[in-house]
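Below is the file entry08.txt, which contains compact mmCIF, C-alpha atoms (C1' of nucleotides).
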# COMPACT_ATOMS: atom_id res chain seq x y z
CA MET I 281 93.26 9.23 106.64
CA GLU I 282 95.59 11.97 107.76
CA SER I 283 96.05 14.80 105.28
CA ASP I 284 94.90 15.76 101.80
CA VAL I 285 97.64 13.66 100.28
CA SER I 286 97.34 10.79 97.89
CA ALA I 287 100.37 8.50 97.55
CA ASN I 288 100.74 5.04 98.96
CA SER I 289 102.44 4.00 102.17
CA ARG I 290 103.73 0.63 101.03
CA LEU I 291 107.39 1.63 100.92
CA THR I 292 107.12 3.06 104.43
CA ILE I 293 105.45 -0.06 105.82
CA ALA I 294 107.88 -2.38 104.06
CA ALA I 295 110.91 -0.48 105.36
CA HIS I 296 109.36 -0.42 108.81
CA THR I 297 108.76 -4.16 108.66
CA LEU I 298 112.23 -5.17 107.57
CA THR I 299 113.90 -2.77 109.97
CA TRP I 300 111.81 -4.15 112.80
CA ILE I 301 112.81 -7.72 111.97
CA GLY I 302 116.45 -6.70 111.72
CA LEU I 303 116.48 -5.03 115.11
CA TYR I 304 114.56 -7.91 116.68
CA GLN I 305 117.06 -10.42 115.35
CA ARG I 306 119.99 -8.37 116.63
CA ARG I 307 118.43 -8.55 120.03
CA GLY I 308 118.84 -12.29 119.87
CA HIS I 309 115.52 -13.52 118.49
CA GLU I 310 115.39 -16.05 115.70
CA VAL I 311 112.19 -14.97 113.96
CA ALA I 312 109.55 -12.28 114.15
CA THR I 313 105.82 -12.88 113.65
CA SER I 314 103.54 -10.84 111.46
CA GLU I 315 101.47 -10.19 114.56
CA GLN I 316 104.37 -8.54 116.39
CA ILE I 317 105.25 -6.44 113.39
CA ALA I 318 101.63 -5.46 112.85
CA THR I 319 101.49 -4.19 116.41
CA SER I 320 104.45 -1.90 115.81
CA VAL I 321 103.12 -0.74 112.46
CA ASN I 322 99.59 -0.45 113.83
CA THR I 323 97.81 -2.41 111.16
CA ASN I 324 96.45 -5.87 110.45
CA PRO I 325 98.85 -8.88 110.38
CA VAL I 326 97.56 -9.88 106.96
CA VAL I 327 98.73 -6.57 105.54
CA ILE I 328 102.20 -7.36 106.81
CA ARG I 329 102.13 -10.91 105.50
CA ARG I 330 101.04 -9.69 102.07
CA LEU I 331 103.97 -7.31 101.95
CA LEU I 332 106.40 -9.91 103.27
CA ALA I 333 105.24 -12.31 100.60
CA LYS I 334 106.53 -9.88 97.97
CA LEU I 335 109.68 -9.13 99.90
CA SER I 336 110.26 -12.85 100.14
CA LYS I 337 109.87 -13.34 96.40
CA ALA I 338 112.41 -10.57 95.92
CA GLY I 339 114.88 -12.39 98.15
CA LEU I 340 114.84 -9.89 101.01
CA ALA I 341 113.07 -11.96 103.66
CA ASP I 342 112.41 -15.61 104.47
CA SER I 343 109.68 -17.33 106.40
CA ARG I 344 109.63 -20.43 108.56
CA ARG I 345 106.45 -22.41 109.05
CA GLY I 346 105.13 -24.91 111.54
CA ALA I 347 105.68 -24.44 115.25
CA GLY I 348 108.01 -21.56 116.12
CA ALA I 349 107.21 -20.01 112.76
CA GLY I 350 107.93 -16.44 111.74
CA TRP I 351 110.02 -14.20 109.56
CA MET I 352 113.71 -13.43 109.27
CA LEU I 353 115.86 -11.32 106.99
CA ALA I 354 117.40 -13.01 103.98
CA ARG I 355 120.23 -10.47 103.97
CA ASP I 356 121.73 -8.14 106.51
CA LEU I 357 120.13 -4.70 106.88
CA ALA I 358 123.28 -3.17 105.44
CA ALA I 359 122.85 -5.21 102.27
CA ILE I 360 119.30 -4.02 101.56
CA THR I 361 118.70 -0.62 99.98
CA LEU I 362 115.40 1.20 99.76
CA LEU I 363 115.63 0.63 96.01
CA ASP I 364 115.58 -3.11 96.64
CA VAL I 365 112.48 -2.68 98.75
CA TYR I 366 110.87 -0.32 96.22
CA GLN I 367 111.41 -2.72 93.35
CA ALA I 368 110.05 -5.59 95.38
CA ILE I 369 106.73 -3.95 96.13
CA GLU I 370 105.92 -1.21 93.63
CA PRO I 371 104.18 -2.47 90.52
CA GLY I 372 104.36 0.49 88.17
CA PRO I 373 105.97 3.83 87.46
CA VAL I 374 105.16 7.08 89.21
CA PHE I 375 103.68 8.86 86.19
CA ALA I 376 101.36 7.39 83.59
CA LEU I 377 100.70 8.32 79.99
CA HIS I 378 97.18 9.04 78.69
CA ARG I 379 94.59 6.51 79.78
CA ALA I 380 92.90 6.79 76.40
CA THR I 381 95.05 7.00 73.27
CA PRO I 382 95.36 10.63 72.13
CA ASP I 383 94.42 11.69 68.61
CA PRO I 384 97.03 10.15 66.27
CA GLU I 385 96.01 12.61 63.52
CA CYS I 386 97.27 15.49 65.66
CA VAL I 387 100.99 16.20 65.69
CA VAL I 388 101.03 16.65 69.43
CA GLY I 389 98.70 13.75 70.08
CA HIS I 390 100.98 11.59 67.99
CA GLY I 391 104.33 12.60 69.40
CA ILE I 392 103.62 13.41 73.03
CA GLY I 393 103.72 9.79 74.22
CA PRO I 394 107.30 9.02 73.24
CA ALA I 395 108.41 12.49 74.35
CA MET I 396 107.01 12.11 77.84
CA THR I 397 108.19 8.52 78.11
CA ALA I 398 111.76 9.71 77.64
CA VAL I 399 111.34 12.22 80.44
CA TYR I 400 109.65 9.74 82.75
CA ASP I 401 112.43 7.24 82.21
CA ASP I 402 114.94 9.81 83.39
CA VAL I 403 112.78 10.71 86.37
CA GLU I 404 112.42 7.09 87.40
CA ALA I 405 116.15 6.62 87.04
CA ALA I 406 116.80 9.60 89.30
CA LEU I 407 114.30 8.31 91.82
CA ARG I 408 115.95 4.90 91.83
CA ARG I 409 119.40 6.41 92.16
CA GLU I 410 118.21 8.30 95.20
CA LEU I 411 116.56 5.29 96.84
CA ALA I 412 119.69 3.24 96.25
CA LYS I 413 121.68 5.62 98.42
CA THR I 414 119.97 4.53 101.64
CA THR I 415 120.28 1.10 103.20
CA LEU I 416 118.04 -0.26 105.94
CA GLU I 417 121.10 -0.07 108.15
CA ASP I 418 121.05 3.69 107.58
CA VAL I 419 117.36 3.76 108.40
CA LEU I 420 117.89 1.81 111.62
CA ARG I 421 120.70 4.16 112.64
CA ASP I 422 118.39 7.15 112.15
CA VAL I 423 115.64 5.39 114.03
CA LEU I 424 117.86 4.67 117.02
CA LYS I 425 119.27 8.17 116.94
CA ALA I 426 115.78 9.60 117.28
CA ALA I 427 115.06 7.42 120.34
CA MET M 1409 92.18 0.70 81.66
CA GLU M 1410 95.32 -0.18 79.84
CA SER M 1411 97.89 -2.04 81.91
CA ASP M 1412 98.41 -3.15 85.51
CA VAL M 1413 99.88 0.20 86.38
CA SER M 1414 98.71 2.64 88.98
CA ALA M 1415 99.95 6.23 88.72
CA ASN M 1416 98.10 9.25 87.47
CA SER M 1417 98.21 10.86 84.07
CA ARG M 1418 97.75 14.48 85.08
CA LEU M 1419 101.30 15.58 84.32
CA THR M 1420 101.05 13.99 80.89
CA ILE M 1421 97.73 15.64 80.11
CA ALA M 1422 98.88 19.01 81.43
CA ALA M 1423 102.07 18.93 79.36
CA HIS M 1424 100.07 17.83 76.34
CA THR M 1425 97.62 20.68 76.87
CA LEU M 1426 100.17 23.45 77.23
CA THR M 1427 102.28 22.15 74.36
CA TRP M 1428 99.21 22.04 72.16
CA ILE M 1429 98.31 25.63 73.00
CA GLY M 1430 101.88 26.71 72.36
CA LEU M 1431 102.03 25.11 68.94
CA TYR M 1432 98.59 26.42 68.04
CA GLN M 1433 99.60 29.95 68.94
CA ARG M 1434 102.80 29.69 66.93
CA ARG M 1435 100.67 28.81 63.95
CA GLY M 1436 99.04 32.19 64.29
CA HIS M 1437 95.99 31.56 66.42
CA GLU M 1438 95.15 33.81 69.35
CA VAL M 1439 93.51 31.30 71.66
CA ALA M 1440 92.73 27.61 71.90
CA THR M 1441 89.47 26.17 73.24
CA SER M 1442 89.18 23.36 75.75
CA GLU M 1443 87.16 21.52 73.14
CA GLN M 1444 89.99 21.54 70.62
CA ILE M 1445 92.50 20.43 73.21
CA ALA M 1446 90.18 17.72 74.47
CA THR M 1447 89.94 16.35 70.94
CA SER M 1448 93.71 16.01 70.71
CA VAL M 1449 93.99 14.54 74.21
CA ASN M 1450 90.95 12.33 73.63
CA THR M 1451 89.03 13.22 76.75
CA ASN M 1452 86.24 15.47 77.98
CA PRO M 1453 86.63 19.28 77.71
CA VAL M 1454 85.81 19.68 81.39
CA VAL M 1455 88.84 17.58 82.30
CA ILE M 1456 90.97 20.03 80.33
CA ARG M 1457 89.32 23.07 81.86
CA ARG M 1458 89.84 21.70 85.35
CA LEU M 1459 93.53 21.24 84.67
CA LEU M 1460 93.83 24.63 83.01
CA ALA M 1461 92.20 26.23 86.04
CA LYS M 1462 95.13 25.03 88.15
CA LEU M 1463 97.69 25.93 85.52
CA SER M 1464 96.13 29.38 85.38
CA LYS M 1465 96.39 29.83 89.15
CA ALA M 1466 100.05 28.88 88.87
CA GLY M 1467 100.60 31.57 86.26
CA LEU M 1468 101.25 29.26 83.34
CA ALA M 1469 98.10 29.89 81.29
CA ASP M 1470 95.46 32.55 80.89
CA SER M 1471 91.87 32.43 79.73
CA ARG M 1472 89.69 34.87 77.85
CA ARG M 1473 85.93 34.83 78.19
CA GLY M 1474 82.96 36.05 76.21
CA ALA M 1475 82.88 35.72 72.43
CA GLY M 1476 86.13 34.52 70.94
CA ALA M 1477 87.01 32.98 74.26
CA GLY M 1478 89.72 30.42 74.87
CA TRP M 1479 93.12 29.78 76.37
CA MET M 1480 96.60 31.10 75.80
CA LEU M 1481 100.00 30.61 77.39
CA ALA M 1482 101.03 33.06 80.09
CA ARG M 1483 104.68 32.42 79.30
CA ASP M 1484 106.60 31.08 76.34
CA LEU M 1485 107.03 27.31 76.11
CA ALA M 1486 110.73 27.77 76.71
CA ALA M 1487 110.00 29.46 80.03
CA ILE M 1488 107.89 26.62 81.42
CA THR M 1489 109.56 23.54 82.87
CA LEU M 1490 107.87 20.26 83.70
CA LEU M 1491 108.61 21.09 87.33
CA ASP M 1492 106.44 24.21 86.99
CA VAL M 1493 103.66 22.05 85.60
CA TYR M 1494 104.16 19.36 88.24
CA GLN M 1495 103.97 21.86 91.07
CA ALA M 1496 100.88 23.44 89.59
CA ILE M 1497 98.87 20.24 89.50
CA GLU M 1498 100.21 17.65 91.94
CA PRO M 1499 98.77 17.99 95.42
CA GLY M 1500 101.00 15.71 97.47
CA PRO M 1501 104.27 13.82 97.59
CA VAL M 1502 104.95 10.52 95.85
CA PHE M 1503 105.37 8.44 99.01
CA ALA M 1504 103.28 8.62 102.17
CA LEU M 1505 104.02 7.72 105.75
CA HIS M 1506 101.80 5.35 107.74
CA ARG M 1507 98.10 6.01 107.42
CA ALA M 1508 97.63 5.10 111.08
CA THR M 1509 100.20 6.27 113.63
CA PRO M 1510 102.63 3.44 114.43
CA ASP M 1511 103.19 2.28 118.01
CA PRO M 1512 105.03 5.10 119.80
CA GLU M 1513 106.11 2.67 122.53
CA CYS M 1514 108.18 0.77 119.99
CA VAL M 1515 111.61 2.14 119.08
CA VAL M 1516 111.05 1.54 115.39
CA GLY M 1517 107.46 2.71 115.47
CA HIS M 1518 108.63 5.88 117.14
CA GLY M 1519 111.60 6.74 114.96
CA ILE M 1520 110.65 5.42 111.53
CA GLY M 1521 108.55 8.43 110.58
CA PRO M 1522 111.29 11.07 110.79
CA ALA M 1523 113.79 8.65 109.24
CA MET M 1524 111.65 8.01 106.18
CA THR M 1525 110.67 11.65 105.89
CA ALA M 1526 114.32 12.57 105.49
CA VAL M 1527 114.68 10.05 102.68
CA TYR M 1528 111.48 11.09 100.97
CA ASP M 1529 112.54 14.72 101.06
CA ASP M 1530 115.70 13.81 99.18
CA VAL M 1531 113.75 11.71 96.70
CA GLU M 1532 111.30 14.52 96.01
CA ALA M 1533 114.20 16.91 95.56
CA ALA M 1534 115.81 14.59 93.02
CA LEU M 1535 112.51 14.19 91.21
CA ARG M 1536 112.05 17.94 91.04
CA ARG M 1537 115.61 18.49 89.88
CA GLU M 1538 114.96 16.04 87.06
CA LEU M 1539 111.65 17.60 86.02
CA ALA M 1540 113.25 21.04 86.05
CA LYS M 1541 115.66 19.94 83.33
CA THR M 1542 112.97 19.75 80.66
CA THR M 1543 111.05 22.71 79.28
CA LEU M 1544 107.90 22.49 77.20
CA GLU M 1545 110.01 23.82 74.36
CA ASP M 1546 112.10 20.64 74.68
CA VAL M 1547 108.93 18.58 74.70
CA LEU M 1548 107.61 20.31 71.58
CA ARG M 1549 110.93 19.75 69.82
CA ASP M 1550 110.75 16.03 70.60
CA VAL M 1551 107.14 15.93 69.50
CA LEU M 1552 107.91 17.52 66.15
CA LYS M 1553 110.94 15.31 65.68
CA ALA M 1554 108.75 12.22 66.03
CA ALA M 1555 106.33 13.48 63.39
C1' DC P 868 98.09 -34.92 117.38
C1' DT P 869 98.31 -30.37 119.10
C1' DT P 870 99.61 -25.89 118.36
C1' DG P 871 100.71 -21.50 116.58
C1' DA P 872 102.09 -19.38 112.81
C1' DT P 873 102.27 -18.80 107.60
C1' DG P 874 99.96 -18.31 102.87
C1' DT P 875 96.18 -16.70 100.44
C1' DA P 876 91.51 -16.08 98.88
C1' DA P 877 87.55 -13.30 99.40
C1' DC P 878 85.14 -9.45 100.65
C1' DC P 879 84.63 -4.72 102.02
C1' DA P 880 85.21 0.45 102.85
C1' DA P 881 87.38 4.60 101.78
C1' DA P 882 89.78 7.41 98.75
C1' DA P 883 91.67 8.85 94.22
C1' DT P 884 91.06 9.49 89.48
C1' DG P 885 88.54 10.76 85.42
C1' DG P 886 84.43 11.18 82.72
C1' DT P 887 79.85 13.38 82.16
C1' DT P 888 75.94 16.53 82.64
C1' DA P 889 74.32 20.84 83.81
C1' DC P 890 74.28 25.51 84.14
C1' DA P 891 75.55 30.20 85.57
C1' DT P 892 78.65 33.72 83.77
C1' DC P 893 81.03 36.42 80.76
C1' DA P 894 82.15 39.63 76.68
C1' DA P 895 82.35 40.44 71.71
C1' DG P 896 79.71 41.63 67.98
C1' DA P 897 75.36 41.91 65.26
C1' DT W 661 70.32 45.01 73.81
C1' DC W 662 70.40 40.39 72.54
C1' DT W 663 72.63 36.45 70.65
C1' DT W 664 76.37 33.41 70.84
C1' DG W 665 80.06 30.51 72.05
C1' DA W 666 83.13 29.73 75.32
C1' DT W 667 84.77 29.67 80.30
C1' DG W 668 84.22 28.33 85.40
C1' DT W 669 82.57 25.13 88.48
C1' DA W 670 79.42 22.22 91.00
C1' DA W 671 77.53 17.75 91.17
C1' DC W 672 77.32 13.09 90.28
C1' DC W 673 79.06 8.74 88.83
C1' DA W 674 82.08 4.60 87.44
C1' DT W 675 86.43 2.57 87.89
C1' DT W 676 90.56 1.62 90.19
C1' DT W 677 93.64 1.62 94.01
C1' DT W 678 94.65 0.94 98.66
C1' DG W 679 94.19 -1.19 103.06
C1' DG W 680 91.65 -3.55 106.55
C1' DT W 681 89.21 -7.78 107.92
C1' DT W 682 87.55 -12.55 108.14
C1' DA W 683 88.26 -17.12 107.11
C1' DC W 684 90.61 -21.12 106.51
C1' DA W 685 93.80 -24.50 104.53
C1' DT W 686 98.63 -25.69 105.33
C1' DC W 687 102.71 -26.50 107.53
C1' DA W 688 106.30 -28.39 110.97
C1' DA W 689 108.11 -28.63 115.69
C1' DG W 690 107.42 -30.84 119.86
Before anything else, please render the file you have as structure tokens.
Amino acid sequence: MESDVSANSRLTIAAHTLTWIGLYQRRGHEVATSEQIATSVNTNPVVIRRLLAKLSKAGLADSRRGAGAGWMLARDLAAITLLDVYQAIEPGPVFALHRATPDPECVVGHGIGPAMTAVYDDVEAALRRELAKTTLEDVLRDVLKAA
Amino acid sequence: MESDVSANSRLTIAAHTLTWIGLYQRRGHEVATSEQIATSVNTNPVVIRRLLAKLSKAGLADSRRGAGAGWMLARDLAAITLLDVYQAIEPGPVFALHRATPDPECVVGHGIGPAMTAVYDDVEAALRRELAKTTLEDVLRDVLKAA
DNA sequence: CTTGATGTAACCAAAATGGTTACATCAAGA
DNA sequence: TCTTGATGTAACCATTTTGGTTACATCAAG
């Protein structure tokens, strides 16, 4: 509820979450709780746990239950790229084709789908290539630099 | 209502629309109506007119009113890239920052915004670079090839 | 057992996306 | 001048996505 923008903030929150855990662990703590993270992110703990559930399935984070429970990184910050995070949490592509099938009798209606799919594949590839360039270690460095 | 995907179809519909007009004009017609285009796209004419209104403001299409009204391209298909179309119709960036301001007392909460903004700027740039590679002439060629 | 956290379902509010109806406006041509 | 067929746009609605919230079963250390 900030600007006139659409877009989702999941990648931002997920990067924030993992970076927070990484820094917390470097400061000597074993695990971080969803409550602590939620405070930093300024949202509800359940939102964090939902995200971490996906990050966990993707092999980026691990949880510990029982007493002294919480979350830890499954890999070092330097070994996690934003592409890893993106793939763990984003369900679909950026652009979609028609929601209703276009007229197959029309030349354009018939051929536009495959044509745009080819373009979108290239766009997604470029997007992934770009996200792969940045690790969470890079993000943390930027974060600390800004402090 | 097709798959489990999010994403919007505006770029697809806009490209479809302009390509359709271009082909129609090459076949000797002066203008195309939103009704004809809507039939090919399989949607409501108003959806097409709304899109064309934006494309018109961006200098990609022009309309004629009164009797014999309709739409025409403002530039040749070869002079319109998908980036032009994208910029004409997409309001915001692909990724968003936090919807609520993160904790400014926290190092991560404080520095994550600028850090992610830098990344997102690069991602958007890559996306634009990729979209700029394809003209509507290219799209039409692919469309006709598939026929 | 007690305790404090995870894991997840369920529900809700707000926003985005498209579809639909309605109608004022325009300009060519009869 | 009037008829006509299309644009331009507001208004409303249904569906989906996105996040926030409550609730509660489950787990494991001490």
Item to complete: Return the neighbours of chain W among the residues of chain I, cut-off 10 Å, counting all atoms listed in the file, as a list in words.
Response: Ala287, Asn288, Ser289, Arg290, Thr323, Asn324, Pro325, Val326, Val327, Arg344, Arg345, Gly346, Ala347, Gly348 and Ala349 of chain I
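Here CA of Arg408 in chain I is placed at a distance of 18.8 Å from CA of Thr1542 in chain M.
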Could you write out chain I as a tab-separated table (two decimals) with C-alpha atoms, in the coordinates of the input once it has been least-squares superposed on chain M using every ordered C-alpha pair?
chain	number	residue	atom	x	y	z
I	281	MET	CA	92.49	1.26	81.43
I	282	GLU	CA	95.60	0.11	79.64
I	283	SER	CA	98.03	-1.88	81.77
I	284	ASP	CA	98.38	-3.07	85.35
I	285	VAL	CA	99.84	0.26	86.35
I	286	SER	CA	98.60	2.68	88.93
I	287	ALA	CA	99.94	6.25	88.74
I	288	ASN	CA	98.09	9.27	87.51
I	289	SER	CA	98.22	10.85	84.07
I	290	ARG	CA	97.74	14.45	85.11
I	291	LEU	CA	101.29	15.56	84.34
I	292	THR	CA	101.05	13.98	80.89
I	293	ILE	CA	97.71	15.64	80.11
I	294	ALA	CA	98.86	19.00	81.43
I	295	ALA	CA	102.06	18.92	79.37
I	296	HIS	CA	100.06	17.82	76.36
I	297	THR	CA	97.61	20.67	76.88
I	298	LEU	CA	100.16	23.44	77.23
I	299	THR	CA	102.27	22.14	74.37
I	300	TRP	CA	99.19	22.01	72.17
I	301	ILE	CA	98.30	25.61	72.99
I	302	GLY	CA	101.88	26.70	72.36
I	303	LEU	CA	102.03	25.08	68.94
I	304	TYR	CA	98.59	26.40	68.03
I	305	GLN	CA	99.59	29.93	68.93
I	306	ARG	CA	102.79	29.67	66.90
I	307	ARG	CA	100.67	28.77	63.95
I	308	GLY	CA	99.05	32.16	64.26
I	309	HIS	CA	95.99	31.53	66.42
I	310	GLU	CA	95.16	33.78	69.32
I	311	VAL	CA	93.51	31.28	71.66
I	312	ALA	CA	92.73	27.59	71.89
I	313	THR	CA	89.47	26.16	73.24
I	314	SER	CA	89.18	23.36	75.75
I	315	GLU	CA	87.14	21.51	73.15
I	316	GLN	CA	89.98	21.54	70.62
I	317	ILE	CA	92.48	20.43	73.21
I	318	ALA	CA	90.16	17.71	74.47
I	319	THR	CA	89.93	16.33	70.96
I	320	SER	CA	93.70	16.01	70.74
I	321	VAL	CA	93.97	14.54	74.22
I	322	ASN	CA	90.93	12.33	73.65
I	323	THR	CA	89.03	13.22	76.77
I	324	ASN	CA	86.24	15.47	77.99
I	325	PRO	CA	86.62	19.29	77.72
I	326	VAL	CA	85.80	19.67	81.39
I	327	VAL	CA	88.83	17.59	82.30
I	328	ILE	CA	90.96	20.02	80.34
I	329	ARG	CA	89.31	23.06	81.86
I	330	ARG	CA	89.83	21.68	85.36
I	331	LEU	CA	93.52	21.23	84.68
I	332	LEU	CA	93.83	24.63	83.02
I	333	ALA	CA	92.20	26.22	86.03
I	334	LYS	CA	95.13	25.02	88.14
I	335	LEU	CA	97.68	25.93	85.52
I	336	SER	CA	96.12	29.37	85.39
I	337	LYS	CA	96.38	29.82	89.15
I	338	ALA	CA	100.03	28.86	88.87
I	339	GLY	CA	100.59	31.56	86.27
I	340	LEU	CA	101.25	29.24	83.34
I	341	ALA	CA	98.11	29.88	81.29
I	342	ASP	CA	95.46	32.56	80.88
I	343	SER	CA	91.88	32.44	79.72
I	344	ARG	CA	89.71	34.89	77.83
I	345	ARG	CA	85.95	34.84	78.19
I	346	GLY	CA	82.99	36.09	76.23
I	347	ALA	CA	82.87	35.75	72.46
I	348	GLY	CA	86.11	34.49	70.91
I	349	ALA	CA	87.02	32.98	74.26
I	350	GLY	CA	89.73	30.41	74.86
I	351	TRP	CA	93.12	29.77	76.37
I	352	MET	CA	96.61	31.09	75.78
I	353	LEU	CA	99.99	30.60	77.39
I	354	ALA	CA	101.03	33.04	80.08
I	355	ARG	CA	104.69	32.40	79.30
I	356	ASP	CA	106.59	31.06	76.34
I	357	LEU	CA	107.02	27.28	76.12
I	358	ALA	CA	110.73	27.75	76.72
I	359	ALA	CA	110.00	29.45	80.03
I	360	ILE	CA	107.89	26.61	81.43
I	361	THR	CA	109.55	23.52	82.88
I	362	LEU	CA	107.87	20.25	83.71
I	363	LEU	CA	108.59	21.09	87.35
I	364	ASP	CA	106.42	24.19	86.99
I	365	VAL	CA	103.65	22.04	85.60
I	366	TYR	CA	104.14	19.36	88.26
I	367	GLN	CA	103.95	21.86	91.09
I	368	ALA	CA	100.86	23.43	89.60
I	369	ILE	CA	98.85	20.23	89.51
I	370	GLU	CA	100.20	17.65	91.94
I	371	PRO	CA	98.80	18.00	95.44
I	372	GLY	CA	101.04	15.74	97.49
I	373	PRO	CA	104.29	13.82	97.61
I	374	VAL	CA	104.96	10.53	95.87
I	375	PHE	CA	105.37	8.44	99.03
I	376	ALA	CA	103.27	8.62	102.17
I	377	LEU	CA	104.02	7.72	105.76
I	378	HIS	CA	101.81	5.33	107.76
I	379	ARG	CA	98.11	6.02	107.44
I	380	ALA	CA	97.63	5.11	111.08
I	381	THR	CA	100.19	6.27	113.64
I	382	PRO	CA	102.63	3.45	114.44
I	383	ASP	CA	103.20	2.28	118.01
I	384	PRO	CA	105.04	5.12	119.80
I	385	GLU	CA	106.12	2.68	122.54
I	386	CYS	CA	108.21	0.77	120.00
I	387	VAL	CA	111.62	2.15	119.09
I	388	VAL	CA	111.06	1.54	115.42
I	389	GLY	CA	107.47	2.72	115.49
I	390	HIS	CA	108.65	5.89	117.16
I	391	GLY	CA	111.61	6.72	114.97
I	392	ILE	CA	110.66	5.42	111.55
I	393	GLY	CA	108.55	8.46	110.60
I	394	PRO	CA	111.29	11.07	110.81
I	395	ALA	CA	113.79	8.65	109.26
I	396	MET	CA	111.67	8.00	106.20
I	397	THR	CA	110.67	11.65	105.91
I	398	ALA	CA	114.33	12.57	105.49
I	399	VAL	CA	114.69	10.04	102.70
I	400	TYR	CA	111.48	11.09	100.99
I	401	ASP	CA	112.55	14.71	101.06
I	402	ASP	CA	115.70	13.79	99.18
I	403	VAL	CA	113.75	11.69	96.71
I	404	GLU	CA	111.31	14.49	96.02
I	405	ALA	CA	114.19	16.89	95.57
I	406	ALA	CA	115.80	14.57	93.03
I	407	LEU	CA	112.51	14.17	91.22
I	408	ARG	CA	112.05	17.93	91.07
I	409	ARG	CA	115.59	18.46	89.88
I	410	GLU	CA	114.95	16.03	87.06
I	411	LEU	CA	111.64	17.60	86.03
I	412	ALA	CA	113.24	21.03	86.04
I	413	LYS	CA	115.65	19.93	83.33
I	414	THR	CA	112.96	19.73	80.65
I	415	THR	CA	111.04	22.70	79.29
I	416	LEU	CA	107.88	22.48	77.21
I	417	GLU	CA	109.99	23.80	74.37
I	418	ASP	CA	112.07	20.63	74.69
I	419	VAL	CA	108.91	18.56	74.71
I	420	LEU	CA	107.59	20.28	71.58
I	421	ARG	CA	110.91	19.72	69.81
I	422	ASP	CA	110.72	16.00	70.61
I	423	VAL	CA	107.12	15.90	69.51
I	424	LEU	CA	107.89	17.49	66.15
I	425	LYS	CA	110.91	15.29	65.69
I	426	ALA	CA	108.74	12.21	66.04
I	427	ALA	CA	106.32	13.47	63.37
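Distance-wise, CA of Gly1478 in chain M and CA of Ala376 in chain I end up 27.2 Å apart.
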Take every atom of range 1508-1511 of chain M listed in the file, fit an axis-aligned box around them, add 4 Å per side, and give the centre and edge lengths in Å to one decimal as AutoDock Vina command-line options.
--center_x 100.4 --center_y 4.3 --center_z 114.5 --size_x 13.6 --size_y 12.0 --size_z 14.9
Worksheet item: What residues in chain P lie within 6 Å of chain I, counting only C-alpha atoms (C1' of nucleotides), written as a PyMOL selection string?
Response: chain P and resi 871-873
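By chain and then residue number, the residues within 9 Å of Leu411 in chain I are I:Thr361, I:Leu362, I:Leu363, I:Asp364, I:Tyr366, I:Ala406, I:Leu407, I:Arg408, I:Arg409, I:Lys413, I:Thr414, I:Thr415, M:Val1527, M:Tyr1528, M:Asp1530, M:Val1531, counting all atoms listed in the file and disregarding those fewer than 2 positions away in sequence.
Between CA of Val365 in chain I and C1' of DC879 in chain P the separation is 28.1 Å.
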Item to complete: Output the contact residues of chain I with respect to chain M at a cut-off of 8 Å, based on only C-alpha atoms, as a VMD selection string.
Response: chain I and resid 281 to 282 284 to 289 291 to 293 296 299 to 300 319 to 323 371 to 383 386 to 392 394 to 396 399 402 to 403 406 to 407 410 to 411 414 419 to 420 422 to 424 426 to 427
